[in-house]
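Asker: You'll find upload.cif just under this line, and it carries mmCIF, C-alpha atoms.
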data_model
loop_
_atom_site.label_atom_id
_atom_site.label_comp_id
_atom_site.auth_asym_id
_atom_site.auth_seq_id
_atom_site.Cartn_x
_atom_site.Cartn_y
_atom_site.Cartn_z
CA MET A 1 5.40 28.65 -3.74
CA LYS A 2 2.90 31.41 -4.42
CA ARG A 3 -0.46 30.76 -2.78
CA ASP A 4 -3.78 32.12 -4.01
CA GLU A 5 -4.61 35.21 -1.94
CA THR A 6 -8.07 34.51 -0.51
CA ARG A 7 -10.22 36.19 2.09
CA LYS A 8 -9.16 35.62 5.67
CA ILE A 9 -11.77 34.10 7.95
CA GLN A 10 -11.67 33.31 11.66
CA ILE A 11 -12.37 29.87 13.11
CA GLY A 12 -12.01 30.43 16.82
CA ASP A 13 -8.45 31.68 17.31
CA ILE A 14 -7.25 30.31 13.96
CA THR A 15 -7.05 32.37 10.77
CA LEU A 16 -7.86 30.46 7.59
CA GLY A 17 -7.08 31.87 4.19
CA GLY A 18 -5.08 34.84 3.03
CA SER A 19 -1.64 33.55 2.22
CA ASN A 20 -1.44 31.58 5.46
CA GLU A 21 -0.33 27.97 5.74
CA VAL A 22 -2.51 25.15 4.47
CA LEU A 23 -4.30 23.86 7.56
CA ILE A 24 -4.63 20.12 8.12
CA GLN A 25 -7.90 18.73 9.39
CA SER A 26 -9.60 15.40 9.91
CA MET A 27 -12.90 14.03 11.20
CA CYS A 28 -13.62 11.77 14.14
CA ASP A 29 -14.78 8.25 13.28
CA ILE A 30 -16.49 7.81 16.66
CA LYS A 31 -20.07 8.75 17.54
CA THR A 32 -19.86 12.23 19.04
CA SER A 33 -21.80 11.30 22.17
CA HIS A 34 -18.90 9.03 23.20
CA VAL A 35 -17.29 12.08 24.74
CA ASP A 36 -14.14 10.63 26.30
CA LYS A 37 -13.19 8.69 23.17
CA VAL A 38 -13.83 11.70 20.95
CA ILE A 39 -11.73 13.99 23.15
CA LYS A 40 -8.89 11.45 23.10
CA GLU A 41 -9.02 11.12 19.31
CA ILE A 42 -9.10 14.88 18.74
CA ASN A 43 -6.16 15.47 21.06
CA GLU A 44 -4.17 12.70 19.41
CA CYS A 45 -4.80 14.20 15.96
CA SER A 46 -3.95 17.65 17.27
CA ALA A 47 -0.64 16.37 18.63
CA LEU A 48 0.16 14.99 15.17
CA GLY A 49 -0.54 18.32 13.45
CA ALA A 50 -4.29 18.71 12.90
CA LYS A 51 -5.33 22.34 13.34
CA LEU A 52 -9.07 21.64 13.02
CA MET A 53 -11.24 18.60 13.83
CA ARG A 54 -14.76 17.80 12.77
CA VAL A 55 -17.46 15.68 14.40
CA SER A 56 -20.84 14.56 13.08
CA ILE A 57 -24.08 15.61 14.76
CA PHE A 58 -26.57 12.79 14.36
CA ASP A 59 -28.88 13.22 17.35
CA GLU A 60 -29.53 15.15 20.57
CA ASP A 61 -26.92 13.14 22.46
CA ASP A 62 -24.26 14.26 20.00
CA LEU A 63 -25.44 17.84 20.34
CA LYS A 64 -25.20 17.77 24.13
CA ALA A 65 -21.67 16.36 23.96
CA ILE A 66 -20.25 19.45 22.25
CA LYS A 67 -19.98 21.52 25.43
CA GLU A 68 -17.86 18.93 27.21
CA ILE A 69 -15.71 18.24 24.14
CA VAL A 70 -14.76 21.87 23.54
CA LYS A 71 -13.68 22.22 27.19
CA ASN A 72 -11.11 19.48 26.76
CA ILE A 73 -9.50 20.19 23.38
CA SER A 74 -7.11 22.92 22.27
CA ILE A 75 -8.17 23.33 18.63
CA PRO A 76 -11.44 24.60 17.12
CA LEU A 77 -14.27 22.11 16.79
CA ILE A 78 -16.25 21.81 13.56
CA CYS A 79 -19.69 20.20 13.53
CA ASP A 80 -21.07 18.45 10.46
CA ILE A 81 -24.85 18.76 10.16
CA HIS A 82 -27.33 17.64 7.54
CA TYR A 83 -31.05 18.44 7.25
CA ASN A 84 -31.62 19.67 10.80
CA TYR A 85 -31.59 23.47 11.16
CA SER A 86 -31.96 23.42 14.92
CA TYR A 87 -28.93 21.14 15.27
CA ALA A 88 -26.92 23.64 13.24
CA THR A 89 -27.86 26.59 15.45
CA GLN A 90 -27.51 24.67 18.71
CA ALA A 91 -24.11 23.29 17.71
CA ILE A 92 -22.85 26.87 17.36
CA ILE A 93 -24.42 27.91 20.66
CA ASN A 94 -22.82 24.88 22.37
CA GLY A 95 -19.34 25.86 21.21
CA ALA A 96 -18.67 24.81 17.62
CA LYS A 97 -16.46 27.42 15.96
CA LYS A 98 -17.47 26.29 12.50
CA ILE A 99 -20.23 24.18 11.01
CA ARG A 100 -20.30 22.32 7.75
CA ILE A 101 -23.63 22.22 5.96
CA ASN A 102 -24.82 21.40 2.47
CA PRO A 103 -27.52 24.01 1.75
CA GLY A 104 -29.03 21.55 -0.73
CA ASN A 105 -30.10 19.52 2.29
CA MET A 106 -31.64 22.61 3.90
CA PRO A 107 -34.13 23.94 1.34
CA ASN A 108 -36.16 26.05 3.80
CA LEU A 109 -34.51 29.42 3.21
CA ASN A 110 -36.11 31.11 6.22
CA LYS A 111 -34.70 28.43 8.49
CA LEU A 112 -31.32 28.73 6.80
CA ILE A 113 -31.37 32.47 7.49
CA GLU A 114 -31.89 31.65 11.18
CA VAL A 115 -28.71 29.53 11.07
CA ILE A 116 -26.86 32.43 9.44
CA GLU A 117 -28.00 34.87 12.11
CA VAL A 118 -26.83 32.60 14.93
CA ALA A 119 -23.46 32.15 13.19
CA LYS A 120 -23.14 35.95 12.98
CA LYS A 121 -23.97 36.36 16.67
CA TYR A 122 -21.38 33.79 17.79
CA ASN A 123 -18.72 34.66 15.17
CA ALA A 124 -18.83 31.12 13.81
CA ALA A 125 -17.69 30.13 10.34
CA ILE A 126 -19.77 28.09 7.90
CA ARG A 127 -18.45 25.72 5.27
CA ILE A 128 -20.67 25.38 2.24
CA GLY A 129 -19.83 21.74 1.61
CA LEU A 130 -21.14 20.49 -1.72
CA ASN A 131 -20.97 16.86 -2.81
CA GLU A 132 -21.56 15.37 -6.21
CA GLY A 133 -24.16 13.02 -4.75
CA SER A 134 -26.42 15.81 -3.51
CA LEU A 135 -26.74 17.73 -6.78
CA ASN A 136 -30.20 18.04 -8.28
CA ASP A 137 -28.90 19.31 -11.63
CA TYR A 138 -29.78 16.74 -14.29
CA SER A 139 -28.29 18.64 -17.23
CA ASN A 140 -25.47 17.32 -19.39
CA LEU A 141 -22.96 19.76 -17.92
CA PRO A 142 -19.75 18.33 -16.47
CA ILE A 143 -19.94 17.59 -12.75
CA SER A 144 -17.40 20.33 -12.09
CA ASP A 145 -19.64 22.94 -13.72
CA LYS A 146 -22.66 21.72 -11.77
CA LEU A 147 -20.77 22.00 -8.49
CA VAL A 148 -19.38 25.43 -9.28
CA ASN A 149 -22.73 26.82 -10.43
CA LYS A 150 -24.46 25.57 -7.30
CA ALA A 151 -21.68 26.92 -5.07
CA LEU A 152 -21.97 30.39 -6.62
CA GLU A 153 -25.75 30.26 -6.11
CA TYR A 154 -25.27 29.51 -2.39
CA ILE A 155 -22.52 32.11 -1.98
CA ASN A 156 -24.84 34.75 -3.41
CA PHE A 157 -27.54 33.75 -0.93
CA PHE A 158 -25.19 34.02 2.05
CA GLU A 159 -23.84 37.35 0.84
CA GLU A 160 -27.37 38.69 0.34
CA ASN A 161 -27.83 37.91 4.02
CA LYS A 162 -24.55 39.68 4.83
CA PHE A 163 -22.64 36.59 5.87
CA TYR A 164 -19.05 36.34 4.64
CA ASN A 165 -17.30 34.02 7.11
CA LEU A 166 -17.45 31.23 4.55
CA VAL A 167 -15.33 28.29 3.44
CA ILE A 168 -16.17 26.46 0.21
CA SER A 169 -15.70 22.82 -0.73
CA LEU A 170 -16.70 20.95 -3.90
CA LYS A 171 -16.15 17.24 -3.45
CA THR A 172 -16.46 14.30 -5.79
CA THR A 173 -14.98 10.80 -5.90
CA ASP A 174 -13.45 11.54 -9.31
CA THR A 175 -9.87 12.80 -9.45
CA ILE A 176 -10.14 14.86 -12.65
CA GLU A 177 -13.51 16.39 -11.78
CA THR A 178 -12.14 17.37 -8.36
CA ILE A 179 -9.21 19.16 -9.98
CA ASN A 180 -11.48 20.88 -12.52
CA SER A 181 -14.00 21.94 -9.86
CA TYR A 182 -11.45 23.67 -7.64
CA ARG A 183 -9.61 25.28 -10.54
CA LYS A 184 -12.86 26.80 -11.75
CA ILE A 185 -14.13 28.00 -8.37
CA SER A 186 -10.75 29.49 -7.46
CA ASN A 187 -11.09 31.84 -10.44
CA LEU A 188 -14.63 32.89 -9.49
CA THR A 189 -14.48 33.53 -5.74
CA THR A 190 -11.97 34.66 -3.15
CA TYR A 191 -13.38 32.60 -0.29
CA PRO A 192 -10.93 30.09 1.22
CA LEU A 193 -11.21 26.58 -0.14
CA HIS A 194 -11.36 23.29 1.73
CA ILE A 195 -9.90 20.79 -0.71
CA GLY A 196 -10.30 17.05 -0.62
CA LEU A 197 -11.47 14.02 -2.56
CA THR A 198 -14.49 12.48 -0.90
CA GLU A 199 -14.78 8.76 -0.14
CA SER A 200 -11.40 8.06 -1.71
CA GLY A 201 -11.01 4.57 -0.24
CA PHE A 202 -8.67 2.82 2.18
CA ASP A 203 -4.89 2.87 2.58
CA GLU A 204 -2.93 3.05 -0.70
CA ILE A 205 -6.07 3.28 -2.84
CA GLY A 206 -7.33 6.35 -0.99
CA ILE A 207 -3.89 7.89 -0.59
CA ILE A 208 -2.96 7.60 -4.27
CA ARG A 209 -6.35 8.84 -5.43
CA SER A 210 -6.31 11.79 -3.02
CA VAL A 211 -2.74 12.82 -3.76
CA SER A 212 -3.41 12.59 -7.51
CA ALA A 213 -6.20 15.14 -7.10
CA LEU A 214 -4.74 17.43 -4.48
CA ALA A 215 -1.07 17.72 -5.46
CA PRO A 216 -1.78 19.58 -8.74
CA LEU A 217 -4.09 22.01 -6.93
CA LEU A 218 -1.63 22.69 -4.14
CA LEU A 219 1.18 23.23 -6.64
CA GLU A 220 -0.99 25.83 -8.35
CA GLY A 221 -1.52 27.63 -5.02
CA ILE A 222 -5.13 26.44 -4.66
CA GLY A 223 -6.43 25.29 -1.27
CA ASN A 224 -6.39 26.69 2.25
CA THR A 225 -7.28 23.64 4.30
CA ILE A 226 -6.95 19.97 3.43
CA ARG A 227 -8.50 16.69 4.50
CA ILE A 228 -7.32 13.35 3.16
CA SER A 229 -10.52 11.27 3.48
CA LEU A 230 -9.51 7.66 4.10
CA THR A 231 -11.35 4.57 5.24
CA ASN A 232 -8.94 4.45 8.13
CA ASP A 233 -8.02 5.98 11.48
CA PRO A 234 -8.17 9.83 11.42
CA LYS A 235 -4.57 9.91 12.62
CA LYS A 236 -3.61 8.24 9.34
CA GLU A 237 -5.39 11.07 7.52
CA VAL A 238 -3.39 13.68 9.42
CA LEU A 239 -0.06 11.95 8.80
CA THR A 240 -0.84 11.52 5.10
CA ALA A 241 -1.73 15.20 4.77
CA LYS A 242 1.51 16.19 6.53
CA ARG A 243 3.54 13.97 4.23
CA LEU A 244 1.89 15.41 1.13
CA LEU A 245 2.29 19.03 2.22
CA HIS A 246 5.88 18.43 3.33
CA ASP A 247 6.87 16.94 -0.02
CA LEU A 248 5.40 20.01 -1.74
CA ASN A 249 7.40 22.34 0.56
CA LEU A 250 4.22 23.48 2.28
CA TYR A 251 4.81 21.94 5.71
CA GLU A 252 8.17 22.40 7.35
CA ASN A 253 7.74 20.69 10.70
CA TYR A 254 8.02 17.11 9.48
CA PRO A 255 10.96 14.76 8.84
CA THR A 256 12.37 14.19 5.38
CA PHE A 257 12.66 10.42 5.39
CA ILE A 258 14.61 8.45 2.80
CA SER A 259 14.66 4.66 2.59
CA CYS A 260 15.65 2.41 -0.29
CA PRO A 261 13.38 -0.36 -1.62
CA THR A 262 16.17 -2.92 -0.97
CA CYS A 263 17.52 -5.45 -3.47
CA GLY A 264 19.57 -8.61 -3.60
CA ARG A 265 22.67 -6.72 -2.45
CA SER A 266 21.19 -6.02 0.97
CA GLU A 267 22.61 -8.18 3.77
CA VAL A 268 20.64 -6.52 6.57
CA LYS A 269 16.96 -6.24 7.40
CA ILE A 270 15.83 -2.66 6.94
CA LYS A 271 12.06 -2.75 6.42
CA LYS A 272 11.12 -2.94 10.09
CA LEU A 273 13.96 -0.61 11.03
CA ALA A 274 12.79 1.99 8.48
CA LYS A 275 9.21 1.78 9.78
CA ASP A 276 10.30 2.07 13.42
CA VAL A 277 12.60 5.04 12.74
CA LEU A 278 9.90 6.92 10.82
CA GLU A 279 7.45 6.37 13.70
CA PHE A 280 10.09 7.69 16.10
CA LEU A 281 10.63 10.81 13.98
CA GLU A 282 6.91 11.50 13.64
CA LYS A 283 6.13 10.85 17.30
CA ASN A 284 8.87 13.23 18.41
CA ASN A 285 8.15 15.88 15.77
CA ILE A 286 11.71 15.79 14.44
CA LYS A 287 12.28 17.60 11.14
CA LEU A 288 15.72 16.25 10.25
CA LYS A 289 16.55 14.52 6.97
CA VAL A 290 17.14 10.85 7.83
CA ALA A 291 18.12 7.99 5.53
CA ILE A 292 17.85 4.20 5.93
CA MET A 293 19.70 2.48 3.08
CA GLY A 294 20.08 -1.22 2.39
CA CYS A 295 23.69 -1.35 1.18
CA PRO A 296 26.76 0.88 0.87
CA VAL A 297 27.01 0.59 -2.93
CA ASN A 298 24.65 3.52 -3.51
CA GLY A 299 23.54 4.17 0.04
CA ILE A 300 25.81 6.92 1.28
CA GLY A 301 26.13 8.55 -2.12
CA GLU A 302 22.40 8.75 -2.77
CA ALA A 303 21.73 9.96 0.76
CA LYS A 304 24.76 12.21 1.20
CA ASN A 305 22.57 15.23 1.88
CA ALA A 306 20.84 13.51 4.79
CA ASP A 307 21.57 14.95 8.22
CA ILE A 308 22.09 11.42 9.45
CA GLY A 309 21.58 7.90 8.17
CA ILE A 310 22.72 4.32 8.05
CA ALA A 311 23.62 2.06 5.15
CA GLY A 312 23.71 -1.71 5.42
CA GLY A 313 26.89 -3.75 5.18
CA LYS A 314 27.57 -7.40 6.01
CA LYS A 315 25.21 -8.00 8.95
CA GLU A 316 25.98 -4.49 10.20
CA PHE A 317 25.39 -0.86 9.30
CA ILE A 318 27.55 2.14 8.54
CA LEU A 319 26.42 5.24 10.44
CA PHE A 320 26.97 8.49 8.53
CA LYS A 321 26.26 12.22 8.85
CA LYS A 322 26.13 14.46 5.78
CA GLY A 323 27.79 11.69 3.76
CA LYS A 324 30.69 11.26 6.20
CA ILE A 325 31.11 7.84 7.83
CA ILE A 326 31.05 8.04 11.62
CA SER A 327 31.10 4.43 12.79
CA LYS A 328 29.89 0.90 12.27
CA VAL A 329 26.96 -0.50 14.27
CA SER A 330 25.50 -3.99 14.60
CA GLN A 331 22.09 -4.81 13.18
CA ASP A 332 20.76 -5.43 16.70
CA ASP A 333 21.96 -2.03 17.94
CA ALA A 334 21.06 -0.02 14.84
CA TYR A 335 17.75 1.43 16.06
CA GLN A 336 19.04 2.33 19.51
CA ILE A 337 22.21 3.99 18.26
CA LEU A 338 20.59 5.81 15.35
CA THR A 339 17.76 7.28 17.42
CA SER A 340 20.25 8.28 20.12
CA GLU A 341 22.38 10.10 17.54
CA ILE A 342 19.25 11.75 16.10
CA MET A 343 18.38 13.15 19.52
CA LYS A 344 21.93 14.48 19.90
CA LEU A 345 21.50 16.33 16.61
CA VAL A 346 18.13 17.70 17.73
CA ARG A 347 19.65 19.04 20.96
CA LYS A 348 22.59 20.51 19.06
CA THR A 349 20.41 22.32 16.52
CA SER A 350 18.05 23.64 19.21
CA ASN A 351 20.85 25.23 21.24
#
Please, can you express the file's structure as structure tokens?

Answerer:
Amino acid sequence: MKRDETRKIQIGDITLGGSNEVLIQSMCDIKTSHVDKVIKEINECSALGAKLMRVSIFDEDDLKAIKEIVKNISIPLICDIHYNYSYATQAIINGAKKIRINPGNMPNLNKLIEVIEVAKKYNAAIRIGLNEGSLNDYSNLPISDKLVNKALEYINFFEENKFYNLVISLKTTDTIETINSYRKISNLTTYPLHIGLTESGFDEIGIIRSVSALAPLLLEGIGNTIRISLTNDPKKEVLTAKRLLHDLNLYENYPTFISCPTCGRSEVKIKKLAKDVLEFLEKNNIKLKVAIMGCPVNGIGEAKNADIGIAGGKKEFILFKKGKIISKVSQDDAYQILTSEIMKLVRKTSN
């Protein structure tokens, strides 16, 4: 898939933009001053595939925590700051490799220039993060036009002050306006884009809404970093982003998992088995194609391209590889045998 060729910017030791991969990121849901918990959450998200993590800076305690956090994580830290210019500069000095600000919340241009100068000195990146809720444009223009116009205004200001290490985001809670906003801005600037749908909701509501907005953009080559904003654990955000990117052929290191919805023909229990096997694949970073099917009527045929899989029979399963039946296994032993065979395949392909 052809990606939009954007500027390349540095966030610590990570390059964002150009034609590089779409980077996954999330944001901690813990107060930043709770250092140990934040470090644990960041490292867990990193292990799942997050390349960037963001924390909020609400007070001085949060600001002080940055130094200890960056010592104990392996990916760049992003700090999210509103209103307070000194927090923005100090966050960079304390070790943040990127900050996210909404210039609409920082109307003192002289103070904003001070933030820019500190970012230059420490080679930090800045995301101009616009939200529909912070616009002060009361015209009848579509939201997407309001966001784009304001973004271009801010970009010009940063460029006038010779700062180019920028990432742009234009977020709304509306699927169509999100798509329109990013399509428009991608034609008007070459800065890398952070794409996401803000405040999308929890679980399936947020996932469906986010994927509806982001899949069309990604298929058009738009977007350099992605956050799926869910009312849920940040690890869920990372896994959802991986699944989306994988299904669009934009993230290779993830399993292709197939499971049938089951029907009255099924004589085995597969729902828990399917969930457990997927968790095993994700936890162990296995990128095989694995199928869990409820019956042999369509099972092997529909999943014949899977590297390995099982299809239910009468209180037992048929184990198959590339559509070829290998053996029969009991329902009780299905998880143990299947995961064991998966690991054998992993070792074989890695040799």

Asker: Find the residue from A:Gly221, A:Thr89, A:Lys98, A:Gly49 that sits nearest to A:Asp13; use only C-alpha atoms when measuring.

Answerer: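 Checking each candidate against A:Asp13, we get A:Lys98 as the closest.
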
Asker: For this file, the PyMOL selection byres ((chain A and resi 147) around 10) selects which residues, as number ranges by chain?

Answerer: A: 130-132, 134-135, 137, 141-146, 148-153, 169-172, 177-178, 181-182, 184-185

Asker: By how many Å are atom CA of A:Lys235 and atom CA of A:Asp61 apart?

Answerer: 24.6 Å

Asker: Mind pulling up the distance from atom CA of A:Ile168 to atom CA of A:Ile75?

Answerer: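 Going from atom CA of A:Ile75 over to atom CA of A:Ile168 covers 20.3 Å.
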
Asker: For A:Lys111, which residue among A:Tyr87, A:Glu41, A:Lys71, A:Ile93 is the nearest when counting all atoms listed in the file?

Answerer: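 Once distances to A:Lys111 are computed over all atoms listed in the file, the minimum belongs to A:Tyr87.
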
Asker: Which is closest to A:Val268 among A:Asp29, A:Glu199, A:Glu316, A:Asp333, if we use only C-alpha atoms?

Answerer: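 Once distances to A:Val268 are computed over only C-alpha atoms, the minimum belongs to A:Glu316.
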
Asker: Nearest residue to A:Lys120 out of A:Gln10, A:Cys79, A:Ile308, A:Asn108, using all atoms listed in the file?

Answerer: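 Ranked by minimum distance to A:Lys120, first place goes to A:Gln10.
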
Asker: Could you spell out the hits of the PyMOL selection byres ((chain A and resi 313) around 8) on the shown file, as a list in words?

Answerer: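 Taken over the shown coordinates, the PyMOL selection byres ((chain A and resi 313) around 8) returns Ser266, Glu267, Val268, Gly294, Cys295, Pro296, Ala311, Gly312, Lys314, Lys315, Glu316, Phe317 and Ile318 of chain A.
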
Asker: Taking all atoms listed in the file into account, name the residue in A:Ala274, A:Leu288, A:Cys263, A:Val22 that is nearest to A:Lys51.

Answerer: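 Among the listed residues, A:Val22 lies closest to A:Lys51.
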
Asker: Please determine, counting all atoms listed in the file, which residue among A:Leu239, A:Leu218, A:Leu230, A:Ala291 has the shortest atom-to-atom distance to A:Glu204.

Answerer: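 The closest residue to A:Glu204 is A:Leu230.
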
Asker: Do you know which residues the PyMOL selection byres ((chain A and resi 195) around 8) returns on this file, as an MDAnalysis selection string?

Answerer: chainID A and resid 169:171 182 193:194 196:197 214 223:227

Asker: In Å, with one decimal, what is the gap from atom CA of A:Phe257 to atom CA of A:Leu278?

Answerer: 7.0 Å

Asker: If we count only C-alpha atoms, what is near A:Lys8 at a cut-off of 10 Å, once residues fewer than 5 positions away on the same chain are taken out, given as a count of residues only?

Answerer: 14

Asker: Report, as AutoDock Vina command-line options, the centre and edge lengths in Å (one decimal) of the axis-aligned box enclosing every listed atom of stretch 246-258 of chain A, padded by 6 Å on each side.

Answerer:
--center_x 9.4 --center_y 16.0 --center_z 4.5 --size_x 22.4 --size_y 27.0 --size_z 24.4

Asker: So which residues touch A:Glu114 within 10 Å, counting only C-alpha atoms, skipping near sequence neighbours fewer than 4 positions away, as a PDB file with C-alpha atoms, keeping the file's coordinate frame?

Answerer:
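Wrote part_31.pdb, looks like this:
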ATOM      1  CA  TYR A  85     -31.590  23.470  11.160  1.00  0.00           C
ATOM      2  CA  SER A  86     -31.960  23.420  14.920  1.00  0.00           C
ATOM      3  CA  ALA A  88     -26.920  23.640  13.240  1.00  0.00           C
ATOM      4  CA  THR A  89     -27.860  26.590  15.450  1.00  0.00           C
ATOM      5  CA  LEU A 109     -34.510  29.420   3.210  1.00  0.00           C
ATOM      6  CA  ASN A 110     -36.110  31.110   6.220  1.00  0.00           C
ATOM      7  CA  VAL A 118     -26.830  32.600  14.930  1.00  0.00           C
ATOM      8  CA  ALA A 119     -23.460  32.150  13.190  1.00  0.00           C
ATOM      9  CA  LYS A 120     -23.140  35.950  12.980  1.00  0.00           C
TER      10      LYS A 120
END

Asker: For a quick check of your reading of the model, name the residues lying within 10 Å of the coordinate (-12.4, 5.1, 17.8), counting only C-alpha atoms, and write them as a ChimeraX atom specification.

Answerer: /A:28-31,34,37-38,40-41,233-234
